[in-house]
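Novice: My questions will all concern the structure given below.
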Amino acid sequence: MRRSYDDLVHEASTVSVDGWDFSWLDGRATEERPSWGYSRLLAGRMAVARAALDLQTGGGEVLAGVPALPPLTVATESWPPNLRLAASRLRPRGARVVAAADDGPRLPFADGRFDLVTSRHPVHTQWAEIARVLRPGGSFFSQQVGPRTAGELAEWFLGPYDGWTREPARAGEEAEAAGLEVVDLRSERPRMEFGDIGAVVYFLRKVIWIVPGFSPERYADRLRALHDRIEAEGPFVAHSARFLIEARKP
C-alpha cells in the first residue's frame, strides 16, 4: 500500500539523525559499497597496531565493529550528540573518546604518539597534524568522500553545480606536502537508489553537505516533483564517490 507524500516527509523529518548509522534506510534506499572493503582492511590494520587514533569517528559505529582494538585506542569527534554515542559504544571496549574540532589548528596529542591514524569520511583532513602525531613508519588509512558524490541528487535541488573539490589526486598531493608517502590511492563511484521521498529527506537531513541548508519546507516544490517521479518511474538513481588513501610517515 503506497504511503502519501505528507506521511513520508513527516516521518523522515521527525526521526533522529544522530550518529552515522544509516539502518533507518534499510528497505528504502541502497548504496553499493566500494570493492576494497574498508571495514575489513581497517580491522587488519588495527589488529597489528599498538596505538591507534580514529579521527571524526561519528557515533563510533565503524570503530566499534573492529574485532580487536589496539591496547591504546583513541577516537575524536566534534558534534556533541555523536560524541555521546561514540562514548557509549567505545568506552566499554577500552577506547578513549576525546572532543576535538574537525578543522582545529592542533590535535590534542603529543608528537609521534600513534602508529596508526584512521578516518572514515572525514569532513576535513588535517594532513599536517596527522603527520605530526604519527610515529616514523606509522600510517594514515582513510576512506573519503570523493567529488560529485550524490551529484544527481544535489543537482535535482540546486541545478548545475560545480562545487565538487574533493579530488583523490589532490588528497595525495596534500599528503605528500605534509611529508607523508602515499602507498595506496584508488577511487570508485558506487550506485545509490532512493525508493521513496522519505529516504531522500532523511539522507539530506543527515548528510548535510549534499544540499546545504536543506529543509522539506524550503525545497517543497522539488521534493513533491521528485516524489511524483519516483512514484511513476521507480527509484531515483544517483552515484556516490569514494576513494581510499593510505599514506606512510617515513
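If you're wondering about the labels, chains in the C-alpha cells are A, B, ... by order shown, residues count from 1 in each chain, ligands from 1 in order shown.
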So that I can check the surroundings of Glu32 of chain A, please list as a ChimeraX atom specification every protein, DNA and RNA residue that reaches within 7 Å of it, counting only C-alpha atoms and ignoring chain neighbours fewer than 2 positions away.
Specialist: /A:30,34,190-192
Novice: Each residue of segment 81-145 of chain A with at least one atom at most 10 Å from segment 2-26 of chain A should appear once, together with its nearest atom pair and the corresponding distance in Å (one decimal); atoms considered: only C-alpha atoms; ordering: chain, then increasing residue number; output as CSV.
Specialist:
residue,atom,partner,partner_atom,distance
A:Pro81,CA,A:Asp18,CA,6.3
A:Asn82,CA,A:Gly19,CA,5.2
A:Leu83,CA,A:Gly19,CA,8.7
A:Arg84,CA,A:Gly19,CA,9.3
A:Leu85,CA,A:Gly19,CA,6.8
A:Ala86,CA,A:Gly19,CA,8.2
Novice: Suppose we keep C-alpha atoms; can you now write the selection as a PDB file, in the first residue's frame?
Specialist:
ATOM      1  CA  PRO A  81      25.323  14.149  20.116  1.00  0.00           C
ATOM      2  CA  ASN A  82      27.792  11.956  18.221  1.00  0.00           C
ATOM      3  CA  LEU A  83      30.344  12.352  20.992  1.00  0.00           C
ATOM      4  CA  ARG A  84      27.904  10.833  23.477  1.00  0.00           C
ATOM      5  CA  LEU A  85      27.040   7.976  21.132  1.00  0.00           C
ATOM      6  CA  ALA A  86      30.699   7.242  20.473  1.00  0.00           C
TER       7      ALA A  86
END
Novice: So which residues touch segment 94-109 of chain A within 8 Å, counting only C-alpha atoms, skipping near sequence neighbours fewer than 2 positions away, as a ChimeraX atom specification?
Specialist: /A:56,72-78,83,86-87,90-92,111,113,122-126,129,133
Novice: Would you put the residues from that selection into a file with N, CA, C and O atoms, as a PDB file, in the first residue's frame?
Specialist:
ATOM      1  N   GLN A  56      37.375  11.950  13.746  1.00  0.00           N
ATOM      2  CA  GLN A  56      36.000  12.212  13.312  1.00  0.00           C
ATOM      3  C   GLN A  56      35.212  10.902  13.260  1.00  0.00           C
ATOM      4  O   GLN A  56      34.651  10.517  12.239  1.00  0.00           O
ATOM      5  N   LEU A  72      46.148   0.840  22.992  1.00  0.00           N
ATOM      6  CA  LEU A  72      45.775   2.244  23.122  1.00  0.00           C
ATOM      7  C   LEU A  72      44.952   2.616  21.897  1.00  0.00           C
ATOM      8  O   LEU A  72      45.455   2.608  20.773  1.00  0.00           O
ATOM      9  N   THR A  73      43.675   2.918  22.120  1.00  0.00           N
ATOM     10  CA  THR A  73      42.793   3.357  21.040  1.00  0.00           C
ATOM     11  C   THR A  73      42.093   4.631  21.480  1.00  0.00           C
ATOM     12  O   THR A  73      41.485   4.674  22.553  1.00  0.00           O
ATOM     13  N   VAL A  74      42.206   5.657  20.647  1.00  0.00           N
ATOM     14  CA  VAL A  74      41.593   6.951  20.936  1.00  0.00           C
ATOM     15  C   VAL A  74      40.755   7.356  19.721  1.00  0.00           C
ATOM     16  O   VAL A  74      41.167   7.136  18.575  1.00  0.00           O
ATOM     17  N   ALA A  75      39.604   7.945  19.978  1.00  0.00           N
ATOM     18  CA  ALA A  75      38.748   8.454  18.903  1.00  0.00           C
ATOM     19  C   ALA A  75      38.402   9.906  19.194  1.00  0.00           C
ATOM     20  O   ALA A  75      38.210  10.284  20.352  1.00  0.00           O
ATOM     21  N   THR A  76      38.318  10.715  18.145  1.00  0.00           N
ATOM     22  CA  THR A  76      37.900  12.104  18.297  1.00  0.00           C
ATOM     23  C   THR A  76      36.573  12.331  17.593  1.00  0.00           C
ATOM     24  O   THR A  76      36.240  11.660  16.620  1.00  0.00           O
ATOM     25  N   GLU A  77      35.826  13.292  18.097  1.00  0.00           N
ATOM     26  CA  GLU A  77      34.559  13.690  17.478  1.00  0.00           C
ATOM     27  C   GLU A  77      34.254  15.113  17.936  1.00  0.00           C
ATOM     28  O   GLU A  77      34.610  15.511  19.051  1.00  0.00           O
ATOM     29  N   SER A  78      33.587  15.880  17.074  1.00  0.00           N
ATOM     30  CA  SER A  78      33.318  17.288  17.387  1.00  0.00           C
ATOM     31  C   SER A  78      31.866  17.552  17.769  1.00  0.00           C
ATOM     32  O   SER A  78      31.592  18.477  18.536  1.00  0.00           O
ATOM     33  N   LEU A  83      29.342  12.593  19.953  1.00  0.00           N
ATOM     34  CA  LEU A  83      30.344  12.352  20.992  1.00  0.00           C
ATOM     35  C   LEU A  83      29.776  11.434  22.069  1.00  0.00           C
ATOM     36  O   LEU A  83      30.441  10.495  22.530  1.00  0.00           O
ATOM     37  N   ALA A  86      29.399   7.893  20.594  1.00  0.00           N
ATOM     38  CA  ALA A  86      30.699   7.242  20.473  1.00  0.00           C
ATOM     39  C   ALA A  86      31.207   6.761  21.832  1.00  0.00           C
ATOM     40  O   ALA A  86      31.738   5.651  21.957  1.00  0.00           O
ATOM     41  N   ALA A  87      31.040   7.591  22.841  1.00  0.00           N
ATOM     42  CA  ALA A  87      31.492   7.198  24.179  1.00  0.00           C
ATOM     43  C   ALA A  87      30.749   5.962  24.667  1.00  0.00           C
ATOM     44  O   ALA A  87      31.346   5.046  25.243  1.00  0.00           O
ATOM     45  N   LEU A  90      32.251   2.977  22.563  1.00  0.00           N
ATOM     46  CA  LEU A  90      33.677   2.678  22.540  1.00  0.00           C
ATOM     47  C   LEU A  90      34.319   2.544  23.917  1.00  0.00           C
ATOM     48  O   LEU A  90      35.270   1.776  24.085  1.00  0.00           O
ATOM     49  N   ARG A  91      33.815   3.275  24.901  1.00  0.00           N
ATOM     50  CA  ARG A  91      34.431   3.170  26.228  1.00  0.00           C
ATOM     51  C   ARG A  91      34.336   1.767  26.812  1.00  0.00           C
ATOM     52  O   ARG A  91      35.295   1.297  27.444  1.00  0.00           O
ATOM     53  N   PRO A  92      33.225   1.022  26.618  1.00  0.00           N
ATOM     54  CA  PRO A  92      33.217  -0.365  27.099  1.00  0.00           C
ATOM     55  C   PRO A  92      34.265  -1.255  26.423  1.00  0.00           C
ATOM     56  O   PRO A  92      34.627  -2.308  26.971  1.00  0.00           O
ATOM     57  N   ASP A 111      53.478  14.649  19.832  1.00  0.00           N
ATOM     58  CA  ASP A 111      54.141  14.251  18.593  1.00  0.00           C
ATOM     59  C   ASP A 111      54.451  12.758  18.618  1.00  0.00           C
ATOM     60  O   ASP A 111      54.868  12.211  19.648  1.00  0.00           O
ATOM     61  N   ARG A 113      52.726  10.030  18.669  1.00  0.00           N
ATOM     62  CA  ARG A 113      52.030   9.216  19.675  1.00  0.00           C
ATOM     63  C   ARG A 113      51.436   7.934  19.094  1.00  0.00           C
ATOM     64  O   ARG A 113      51.256   6.954  19.814  1.00  0.00           O
ATOM     65  N   PRO A 122      35.980  11.697   6.605  1.00  0.00           N
ATOM     66  CA  PRO A 122      36.203  12.929   7.372  1.00  0.00           C
ATOM     67  C   PRO A 122      35.668  14.149   6.639  1.00  0.00           C
ATOM     68  O   PRO A 122      35.657  14.203   5.404  1.00  0.00           O
ATOM     69  N   VAL A 123      35.242  15.131   7.421  1.00  0.00           N
ATOM     70  CA  VAL A 123      34.814  16.402   6.852  1.00  0.00           C
ATOM     71  C   VAL A 123      36.034  17.178   6.375  1.00  0.00           C
ATOM     72  O   VAL A 123      36.039  17.779   5.296  1.00  0.00           O
ATOM     73  N   HIS A 124      37.086  17.186   7.179  1.00  0.00           N
ATOM     74  CA  HIS A 124      38.362  17.798   6.838  1.00  0.00           C
ATOM     75  C   HIS A 124      39.471  16.799   7.160  1.00  0.00           C
ATOM     76  O   HIS A 124      39.339  16.006   8.093  1.00  0.00           O
ATOM     77  N   THR A 125      40.544  16.849   6.398  1.00  0.00           N
ATOM     78  CA  THR A 125      41.709  16.016   6.685  1.00  0.00           C
ATOM     79  C   THR A 125      42.849  16.928   7.114  1.00  0.00           C
ATOM     80  O   THR A 125      43.326  17.741   6.314  1.00  0.00           O
ATOM     81  N   GLN A 126      43.257  16.799   8.351  1.00  0.00           N
ATOM     82  CA  GLN A 126      44.287  17.665   8.921  1.00  0.00           C
ATOM     83  C   GLN A 126      45.662  17.043   8.645  1.00  0.00           C
ATOM     84  O   GLN A 126      46.302  16.475   9.534  1.00  0.00           O
ATOM     85  N   GLU A 129      48.730  17.807  10.927  1.00  0.00           N
ATOM     86  CA  GLU A 129      48.563  17.267  12.269  1.00  0.00           C
ATOM     87  C   GLU A 129      48.634  15.734  12.268  1.00  0.00           C
ATOM     88  O   GLU A 129      49.186  15.126  13.193  1.00  0.00           O
ATOM     89  N   VAL A 133      51.371  13.599  14.603  1.00  0.00           N
ATOM     90  CA  VAL A 133      51.086  12.632  15.669  1.00  0.00           C
ATOM     91  C   VAL A 133      51.468  11.203  15.287  1.00  0.00           C
ATOM     92  O   VAL A 133      51.473  10.317  16.143  1.00  0.00           O
TER      93      VAL A 133
END
Novice: Closest to Leu42 of chain A among A:Ala68, A:Ala110, A:Ala238, A:Ala29, using only C-alpha atoms?
Specialist: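 Closest to Leu42 of chain A, using only C-alpha atoms: A:Ala68.
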Novice: Quick one: residues within 6 Å of Phe243 of chain A, only C-alpha atoms counted, chain neighbours fewer than 4 positions away excluded, as JSON, numbers by chain?
Specialist: {"A": [143, 144, 186, 187]}
Novice: Residues at most 8 Å from Asp196 of chain A, counting only C-alpha atoms, excluding those fewer than 5 positions away in the same chain, as a PyMOL selection string?
Specialist: chain A and resi 8+28-29+227+230-231+235
Novice: Keeping only C-alpha atoms, write the selected residues to a file as a PDB file, in the first residue's frame.
Specialist:
ATOM      1  CA  LEU A   8       6.586  10.025   4.174  1.00  0.00           C
ATOM      2  CA  ARG A  28      14.069   2.205   1.357  1.00  0.00           C
ATOM      3  CA  ALA A  29      17.426   3.135  -0.124  1.00  0.00           C
ATOM      4  CA  HIS A 227       8.092  12.104  -5.168  1.00  0.00           C
ATOM      5  CA  ILE A 230       9.670   8.032  -8.005  1.00  0.00           C
ATOM      6  CA  GLU A 231       6.015   7.001  -7.906  1.00  0.00           C
ATOM      7  CA  PRO A 235      13.796   4.521  -7.522  1.00  0.00           C
TER       8      PRO A 235
END
Novice: List the neighbours of Trp209 of chain A out to 12 Å using only C-alpha atoms; skip same-chain residues closer than 6 positions along the sequence, and give me the result as a list in words.
Specialist: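 That gives Val123, Val145, Arg148, Thr149, Ala150, Gly151, Leu153, Ala154, Gly163, Trp164 and Phe203 of chain A.
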Novice: Can you spit out the residues from that selection as an mmCIF file, in the first residue's frame, using N, CA and C atoms?
Specialist:
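Ended up saving to result-v2.cif:
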data_model
loop_
_atom_site.group_PDB
_atom_site.id
_atom_site.type_symbol
_atom_site.label_atom_id
_atom_site.label_comp_id
_atom_site.auth_asym_id
_atom_site.auth_seq_id
_atom_site.Cartn_x
_atom_site.Cartn_y
_atom_site.Cartn_z
ATOM 1 N N VAL A 123 35.242 15.131 7.421
ATOM 2 C CA VAL A 123 34.814 16.402 6.852
ATOM 3 C C VAL A 123 36.034 17.178 6.375
ATOM 4 N N VAL A 145 35.056 10.725 1.057
ATOM 5 C CA VAL A 145 34.013 11.068 0.086
ATOM 6 C C VAL A 145 34.659 11.835 -1.056
ATOM 7 N N ARG A 148 31.582 14.935 -6.555
ATOM 8 C CA ARG A 148 30.259 14.689 -7.128
ATOM 9 C C ARG A 148 29.525 13.534 -6.465
ATOM 10 N N THR A 149 29.777 13.310 -5.181
ATOM 11 C CA THR A 149 29.025 12.256 -4.517
ATOM 12 C C THR A 149 27.554 12.676 -4.426
ATOM 13 N N ALA A 150 26.665 11.764 -4.788
ATOM 14 C CA ALA A 150 25.233 12.049 -4.865
ATOM 15 C C ALA A 150 24.961 13.278 -5.718
ATOM 16 N N GLY A 151 25.775 13.463 -6.748
ATOM 17 C CA GLY A 151 25.654 14.652 -7.583
ATOM 18 C C GLY A 151 24.310 14.775 -8.274
ATOM 19 N N LEU A 153 21.490 13.804 -7.137
ATOM 20 C CA LEU A 153 20.513 14.260 -6.150
ATOM 21 C C LEU A 153 20.705 15.744 -5.847
ATOM 22 N N ALA A 154 21.960 16.162 -5.657
ATOM 23 C CA ALA A 154 22.222 17.578 -5.384
ATOM 24 C C ALA A 154 21.711 18.458 -6.514
ATOM 25 N N GLY A 163 30.721 22.868 -7.433
ATOM 26 C CA GLY A 163 31.496 22.985 -6.207
ATOM 27 C C GLY A 163 31.995 21.659 -5.670
ATOM 28 N N TRP A 164 32.486 20.807 -6.571
ATOM 29 C CA TRP A 164 32.955 19.478 -6.158
ATOM 30 C C TRP A 164 34.479 19.494 -6.124
ATOM 31 N N PHE A 203 18.120 11.227 4.177
ATOM 32 C CA PHE A 203 19.502 11.295 3.711
ATOM 33 C C PHE A 203 20.014 12.734 3.690
#
Novice: Write out as a ChimeraX atom specification which residues come within 12 Å of Gly172 of chain A when counting only C-alpha atoms, dropping same-chain ones fewer than 6 positions away.
Specialist: /A:125,127,140,142,144,166,178-186,243-248
Novice: Grab the atom CA of Gly44 of chain A to atom CA of Val62 of chain A distance for me, in Å with one decimal place.
Specialist: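 About the pair atom CA of Gly44 of chain A and atom CA of Val62 of chain A: they are 13.5 Å apart.
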Novice: Let's see if you can do this: from backbone DSSP, list all alpha helix (DSSP H) residues in segment 16-239 of chain A, as a PyMOL selection string.
Specialist: chain A and resi 38-48+61-64+80-90+127-133+151-158+168-177+197-206+220-233
Novice: What is the distance between atom CA of Gly146 of chain A and atom CA of Thr57 of chain A, in Å to one decimal?
Specialist: 18.2 Å
Novice: List every residue of segment 40-126 of chain A that DSSP, applied to the backbone of this structure, assigns to strand (DSSP E), and report them as a ChimeraX atom specification.
Specialist: /A:51-54,72-77,96-99,114-120
Novice: Export N, CA, C and O atoms of the chosen residues as a PDB file, in the first residue's frame?
Specialist:
ATOM      1  N   ALA A  51      49.071   1.546  18.972  1.00  0.00           N
ATOM      2  CA  ALA A  51      48.422   2.798  19.385  1.00  0.00           C
ATOM      3  C   ALA A  51      47.737   3.386  18.169  1.00  0.00           C
ATOM      4  O   ALA A  51      48.391   3.696  17.165  1.00  0.00           O
ATOM      5  N   ALA A  52      46.406   3.535  18.220  1.00  0.00           N
ATOM      6  CA  ALA A  52      45.629   3.976  17.065  1.00  0.00           C
ATOM      7  C   ALA A  52      44.745   5.157  17.427  1.00  0.00           C
ATOM      8  O   ALA A  52      44.215   5.247  18.539  1.00  0.00           O
ATOM      9  N   LEU A  53      44.577   6.045  16.461  1.00  0.00           N
ATOM     10  CA  LEU A  53      43.725   7.228  16.602  1.00  0.00           C
ATOM     11  C   LEU A  53      42.731   7.235  15.456  1.00  0.00           C
ATOM     12  O   LEU A  53      43.122   7.197  14.282  1.00  0.00           O
ATOM     13  N   ASP A  54      41.438   7.278  15.781  1.00  0.00           N
ATOM     14  CA  ASP A  54      40.386   7.367  14.769  1.00  0.00           C
ATOM     15  C   ASP A  54      39.802   8.771  14.813  1.00  0.00           C
ATOM     16  O   ASP A  54      39.178   9.157  15.807  1.00  0.00           O
ATOM     17  N   LEU A  72      46.148   0.840  22.992  1.00  0.00           N
ATOM     18  CA  LEU A  72      45.775   2.244  23.122  1.00  0.00           C
ATOM     19  C   LEU A  72      44.952   2.616  21.897  1.00  0.00           C
ATOM     20  O   LEU A  72      45.455   2.608  20.773  1.00  0.00           O
ATOM     21  N   THR A  73      43.675   2.918  22.120  1.00  0.00           N
ATOM     22  CA  THR A  73      42.793   3.357  21.040  1.00  0.00           C
ATOM     23  C   THR A  73      42.093   4.631  21.480  1.00  0.00           C
ATOM     24  O   THR A  73      41.485   4.674  22.553  1.00  0.00           O
ATOM     25  N   VAL A  74      42.206   5.657  20.647  1.00  0.00           N
ATOM     26  CA  VAL A  74      41.593   6.951  20.936  1.00  0.00           C
ATOM     27  C   VAL A  74      40.755   7.356  19.721  1.00  0.00           C
ATOM     28  O   VAL A  74      41.167   7.136  18.575  1.00  0.00           O
ATOM     29  N   ALA A  75      39.604   7.945  19.978  1.00  0.00           N
ATOM     30  CA  ALA A  75      38.748   8.454  18.903  1.00  0.00           C
ATOM     31  C   ALA A  75      38.402   9.906  19.194  1.00  0.00           C
ATOM     32  O   ALA A  75      38.210  10.284  20.352  1.00  0.00           O
ATOM     33  N   THR A  76      38.318  10.715  18.145  1.00  0.00           N
ATOM     34  CA  THR A  76      37.900  12.104  18.297  1.00  0.00           C
ATOM     35  C   THR A  76      36.573  12.331  17.593  1.00  0.00           C
ATOM     36  O   THR A  76      36.240  11.660  16.620  1.00  0.00           O
ATOM     37  N   GLU A  77      35.826  13.292  18.097  1.00  0.00           N
ATOM     38  CA  GLU A  77      34.559  13.690  17.478  1.00  0.00           C
ATOM     39  C   GLU A  77      34.254  15.113  17.936  1.00  0.00           C
ATOM     40  O   GLU A  77      34.610  15.511  19.051  1.00  0.00           O
ATOM     41  N   ARG A  96      39.385   5.456  24.427  1.00  0.00           N
ATOM     42  CA  ARG A  96      39.123   6.815  24.902  1.00  0.00           C
ATOM     43  C   ARG A  96      38.437   7.602  23.802  1.00  0.00           C
ATOM     44  O   ARG A  96      38.744   7.445  22.623  1.00  0.00           O
ATOM     45  N   VAL A  97      37.520   8.479  24.183  1.00  0.00           N
ATOM     46  CA  VAL A  97      36.819   9.332  23.236  1.00  0.00           C
ATOM     47  C   VAL A  97      37.063  10.780  23.660  1.00  0.00           C
ATOM     48  O   VAL A  97      36.806  11.156  24.802  1.00  0.00           O
ATOM     49  N   VAL A  98      37.571  11.575  22.717  1.00  0.00           N
ATOM     50  CA  VAL A  98      38.023  12.930  23.018  1.00  0.00           C
ATOM     51  C   VAL A  98      37.302  13.916  22.112  1.00  0.00           C
ATOM     52  O   VAL A  98      37.164  13.678  20.909  1.00  0.00           O
ATOM     53  N   ALA A  99      36.838  15.016  22.684  1.00  0.00           N
ATOM     54  CA  ALA A  99      36.233  16.081  21.877  1.00  0.00           C
ATOM     55  C   ALA A  99      37.340  16.858  21.174  1.00  0.00           C
ATOM     56  O   ALA A  99      38.303  17.308  21.809  1.00  0.00           O
ATOM     57  N   PHE A 114      51.111   7.920  17.797  1.00  0.00           N
ATOM     58  CA  PHE A 114      50.352   6.797  17.235  1.00  0.00           C
ATOM     59  C   PHE A 114      51.087   6.152  16.056  1.00  0.00           C
ATOM     60  O   PHE A 114      51.746   6.840  15.281  1.00  0.00           O
ATOM     61  N   ASP A 115      50.919   4.836  15.941  1.00  0.00           N
ATOM     62  CA  ASP A 115      51.455   4.167  14.763  1.00  0.00           C
ATOM     63  C   ASP A 115      50.389   3.955  13.690  1.00  0.00           C
ATOM     64  O   ASP A 115      50.712   3.517  12.575  1.00  0.00           O
ATOM     65  N   LEU A 116      49.126   4.277  14.012  1.00  0.00           N
ATOM     66  CA  LEU A 116      48.058   4.199  13.026  1.00  0.00           C
ATOM     67  C   LEU A 116      47.054   5.316  13.292  1.00  0.00           C
ATOM     68  O   LEU A 116      46.576   5.467  14.420  1.00  0.00           O
ATOM     69  N   VAL A 117      46.747   6.094  12.261  1.00  0.00           N
ATOM     70  CA  VAL A 117      45.675   7.092  12.320  1.00  0.00           C
ATOM     71  C   VAL A 117      44.684   6.740  11.217  1.00  0.00           C
ATOM     72  O   VAL A 117      45.081   6.459  10.074  1.00  0.00           O
ATOM     73  N   THR A 118      43.406   6.737  11.557  1.00  0.00           N
ATOM     74  CA  THR A 118      42.377   6.342  10.602  1.00  0.00           C
ATOM     75  C   THR A 118      41.254   7.377  10.584  1.00  0.00           C
ATOM     76  O   THR A 118      41.090   8.154  11.529  1.00  0.00           O
ATOM     77  N   SER A 119      40.474   7.354   9.519  1.00  0.00           N
ATOM     78  CA  SER A 119      39.301   8.214   9.461  1.00  0.00           C
ATOM     79  C   SER A 119      38.432   7.771   8.301  1.00  0.00           C
ATOM     80  O   SER A 119      38.914   7.616   7.174  1.00  0.00           O
ATOM     81  N   ARG A 120      37.153   7.557   8.566  1.00  0.00           N
ATOM     82  CA  ARG A 120      36.211   7.198   7.513  1.00  0.00           C
ATOM     83  C   ARG A 120      35.302   8.383   7.259  1.00  0.00           C
ATOM     84  O   ARG A 120      34.602   8.856   8.139  1.00  0.00           O
TER      85      ARG A 120
END
Novice: Expressed in Å to a single decimal, how great is the separation between atom CA of Pro168 of chain A and atom CA of Pro212 of chain A?
Specialist: 22.4 Å
Novice: From the options A:Gly58, A:Pro216, A:Pro250, A:Gly65, which residue's atoms come nearest to Tyr38 of chain A, counting only C-alpha atoms?
Specialist: A:Gly65
Novice: Which residue gives the smallest distance to Arg170 of chain A among A:Pro147, A:Pro70, A:Arg135, A:Ser39, with only C-alpha atoms counted?
Specialist: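 Ranking A:Pro147, A:Pro70, A:Arg135, A:Ser39 by distance to Arg170 of chain A, first place goes to A:Pro147.
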